[in-house]
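Chemist: The structure is given below, and queries will be raised subsequently.
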Amino acid sequence: MKYVFYVLGILLLTLGISFTIQSDLGTSPFDALLVGLSINVGLTVGSWEILIALILICCNSFLKRQRPEVLGLLTAFITGIGIDMWLFLLHNLITPELWYYKVVCFGIGLVVIGLGTATYLHTNFAPIPVDRLTLIIQELTRTNIFFSRTIIYLLFLLMAMALNGPIGVGTLLTVCLGGLILNYFMPFTKKVLDRILTHSSPSPNYEKDKNHSI
């Protein structure tokens, strides 16, 4: 059952990312980096999601001094496909031109990203490397999700600026609010999913996984 929420969370996450891209107000620094690479170098946004994931897996392995979490590449692969799929489906359906429609589109995307990320992270199955990096920094600095997420966003912001990615007021809002929204949804999804998963799979194996969840 937790794998259903794993896939559902990624689908929500990629839907939210696509909404922010379509809003034309600016995306998260990481997504701005992906779009910038896609425009300037080639390949799709989803393809760069996978390639950057490879680099981050090595980075995370170095920081944690453990073997690379290759399984995280599976999540990045599904995420990359999800982003390209949603962008293809929403390309002609959602093209807001008035500023308030753009704000609504971006706001929906930002909230859905937070909900989707919190949902799939709680399954504790192969986090996207950038999200694993968030958790590693949180652990190393002994702070919260909001602080670690913001630090990572600022780093990617500098790289996205160098590649002329889609940076705008939405990017600033993501840096300021992205970690806060994720920090809000983490305990919410934990409470809801724990209740659902406990009723659907009260086996010893689940209890073991639960103790290692975020």
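Residue numbering restarts at 1 for every chain of the structure tokens, chains are lettered A, B, ... in their displayed order, and ligands are numbered from 1 as they appear.
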Going by DSSP on the backbone, which bits of segment 6-187 of chain A are helix (DSSP H, G or I)? Write them as a PyMOL selection string, please.

Modeler: chain A and resi 6-23+29-40+45-64+71-90+99-122+129-141+145-162+169-187

Chemist: Any chance you could export the current selection's C-alpha atoms as a CSV table (one decimal), in the first residue's frame?

Modeler:
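Output contents, as saved in result_15.csv:
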chain,number,residue,atom,x,y,z
A,6,TYR,CA,4.9,6.6,-3.2
A,7,VAL,CA,3.7,6.9,-6.8
A,8,LEU,CA,0.8,9.2,-5.9
A,9,GLY,CA,3.2,11.5,-4.1
A,10,ILE,CA,5.5,11.7,-7.1
A,11,LEU,CA,2.6,12.3,-9.5
A,12,LEU,CA,1.4,15.2,-7.2
A,13,LEU,CA,4.9,16.6,-7.0
A,14,THR,CA,5.5,16.6,-10.8
A,15,LEU,CA,2.0,18.0,-11.4
A,16,GLY,CA,2.9,20.9,-9.0
A,17,ILE,CA,6.2,21.5,-10.8
A,18,SER,CA,4.4,21.6,-14.1
A,19,PHE,CA,1.9,24.2,-12.8
A,20,THR,CA,4.7,26.5,-11.6
A,21,ILE,CA,6.5,26.2,-15.0
A,22,GLN,CA,3.3,26.9,-16.8
A,23,SER,CA,2.5,29.9,-14.6
A,29,PRO,CA,15.6,27.3,-8.2
A,30,PHE,CA,16.1,23.5,-8.9
A,31,ASP,CA,13.4,23.4,-11.6
A,32,ALA,CA,14.7,26.7,-13.1
A,33,LEU,CA,18.1,25.0,-13.4
A,34,LEU,CA,16.5,22.1,-15.2
A,35,VAL,CA,14.6,24.3,-17.6
A,36,GLY,CA,17.7,26.5,-18.1
A,37,LEU,CA,19.7,23.4,-19.0
A,38,SER,CA,17.0,22.1,-21.3
A,39,ILE,CA,16.8,25.5,-23.2
A,40,ASN,CA,20.6,26.1,-23.4
A,45,VAL,CA,13.4,19.0,-18.5
A,46,GLY,CA,12.7,15.5,-17.2
A,47,SER,CA,15.9,14.2,-18.8
A,48,TRP,CA,17.9,16.7,-16.8
A,49,GLU,CA,16.1,15.7,-13.7
A,50,ILE,CA,17.6,12.2,-14.1
A,51,LEU,CA,21.1,13.4,-15.0
A,52,ILE,CA,21.3,15.9,-12.1
A,53,ALA,CA,20.1,13.1,-9.8
A,54,LEU,CA,23.2,11.0,-10.8
A,55,ILE,CA,25.4,13.9,-9.6
A,56,LEU,CA,23.5,14.4,-6.4
A,57,ILE,CA,23.6,10.7,-5.6
A,58,CYS,CA,27.3,10.8,-5.6
A,59,CYS,CA,27.3,14.0,-3.5
A,60,ASN,CA,24.9,12.5,-0.9
A,61,SER,CA,27.1,9.4,-0.7
A,62,PHE,CA,30.1,11.5,0.1
A,63,LEU,CA,28.3,13.5,2.8
A,64,LYS,CA,26.9,10.4,4.4
A,71,LEU,CA,17.5,3.3,-5.8
A,72,GLY,CA,17.0,7.1,-5.6
A,73,LEU,CA,17.7,7.1,-9.4
A,74,LEU,CA,14.4,5.1,-9.8
A,75,THR,CA,12.5,8.0,-8.1
A,76,ALA,CA,14.3,10.5,-10.2
A,77,PHE,CA,13.5,8.5,-13.4
A,78,ILE,CA,9.8,8.4,-12.5
A,79,THR,CA,9.9,12.1,-11.6
A,80,GLY,CA,11.5,13.0,-14.9
A,81,ILE,CA,8.9,11.0,-16.8
A,82,GLY,CA,6.2,12.7,-14.7
A,83,ILE,CA,7.4,16.2,-15.4
A,84,ASP,CA,7.6,15.6,-19.1
A,85,MET,CA,4.2,13.9,-19.1
A,86,TRP,CA,2.4,16.7,-17.2
A,87,LEU,CA,4.1,19.5,-19.3
A,88,PHE,CA,2.9,17.7,-22.4
A,89,LEU,CA,-0.6,17.4,-21.1
A,90,LEU,CA,-0.8,20.9,-19.7
A,99,TRP,CA,-1.4,38.1,-13.9
A,100,TYR,CA,-4.0,36.8,-11.4
A,101,TYR,CA,-4.5,33.6,-13.3
A,102,LYS,CA,-0.7,33.2,-13.2
A,103,VAL,CA,-0.7,33.8,-9.5
A,104,VAL,CA,-3.4,31.2,-8.9
A,105,CYS,CA,-1.6,28.7,-11.2
A,106,PHE,CA,1.7,29.2,-9.3
A,107,GLY,CA,0.0,29.0,-5.9
A,108,ILE,CA,-1.7,25.7,-6.7
A,109,GLY,CA,1.6,24.4,-8.0
A,110,LEU,CA,3.5,25.4,-4.9
A,111,VAL,CA,1.0,23.8,-2.5
A,112,VAL,CA,0.8,20.6,-4.6
A,113,ILE,CA,4.6,20.3,-4.7
A,114,GLY,CA,4.7,20.5,-0.9
A,115,LEU,CA,1.9,17.9,-0.5
A,116,GLY,CA,3.4,15.5,-3.1
A,117,THR,CA,6.9,15.7,-1.6
A,118,ALA,CA,5.7,15.1,1.9
A,119,THR,CA,3.5,12.2,0.8
A,120,TYR,CA,6.2,10.3,-1.1
A,121,LEU,CA,8.9,11.1,1.4
A,122,HIS,CA,6.8,9.6,4.2
A,129,PRO,CA,18.4,12.7,-4.4
A,130,VAL,CA,17.7,16.5,-3.9
A,131,ASP,CA,15.2,15.6,-1.2
A,132,ARG,CA,17.6,13.2,0.4
A,133,LEU,CA,20.2,16.0,0.3
A,134,THR,CA,17.6,18.2,2.2
A,135,LEU,CA,17.3,15.5,4.9
A,136,ILE,CA,21.1,15.0,5.1
A,137,ILE,CA,21.7,18.7,5.6
A,138,GLN,CA,18.9,18.8,8.2
A,139,GLU,CA,20.6,16.0,10.0
A,140,LEU,CA,24.1,17.5,9.8
A,141,THR,CA,23.1,21.0,10.8
A,145,ILE,CA,13.3,21.0,7.0
A,146,PHE,CA,12.6,24.7,6.4
A,147,PHE,CA,16.3,25.7,7.0
A,148,SER,CA,17.9,22.9,5.0
A,149,ARG,CA,15.5,23.3,2.1
A,150,THR,CA,16.1,27.0,1.9
A,151,ILE,CA,19.9,26.6,1.9
A,152,ILE,CA,19.6,24.2,-1.1
A,153,TYR,CA,17.2,26.5,-2.9
A,154,LEU,CA,19.7,29.4,-2.6
A,155,LEU,CA,22.5,27.2,-4.0
A,156,PHE,CA,20.5,26.1,-7.1
A,157,LEU,CA,19.2,29.7,-7.5
A,158,LEU,CA,22.8,30.8,-8.2
A,159,MET,CA,23.3,28.1,-10.8
A,160,ALA,CA,19.9,28.8,-12.4
A,161,MET,CA,20.8,32.5,-12.8
A,162,ALA,CA,24.0,31.5,-14.5
A,169,VAL,CA,8.9,36.5,-8.4
A,170,GLY,CA,7.7,32.8,-8.2
A,171,THR,CA,11.3,31.8,-7.6
A,172,LEU,CA,11.6,34.1,-4.6
A,173,LEU,CA,8.3,32.9,-3.2
A,174,THR,CA,9.5,29.3,-3.6
A,175,VAL,CA,12.7,30.0,-1.7
A,176,CYS,CA,10.8,31.8,1.1
A,177,LEU,CA,7.8,29.5,1.3
A,178,GLY,CA,8.8,26.1,-0.2
A,179,GLY,CA,10.5,24.8,2.8
A,180,LEU,CA,7.8,26.2,5.1
A,181,ILE,CA,5.1,24.5,3.1
A,182,LEU,CA,7.0,21.2,3.2
A,183,ASN,CA,7.6,21.6,6.9
A,184,TYR,CA,3.8,22.0,7.4
A,185,PHE,CA,2.8,19.0,5.3
A,186,MET,CA,5.3,16.6,6.8
A,187,PRO,CA,3.5,16.0,10.1

Chemist: Kindly give the distance, in Å, that separates atom CA of Val70 of chain A and atom CA of Asp194 of chain A, rounded to a single decimal.

Modeler: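 Separation between atom CA of Val70 of chain A and atom CA of Asp194 of chain A: 26.2 Å.
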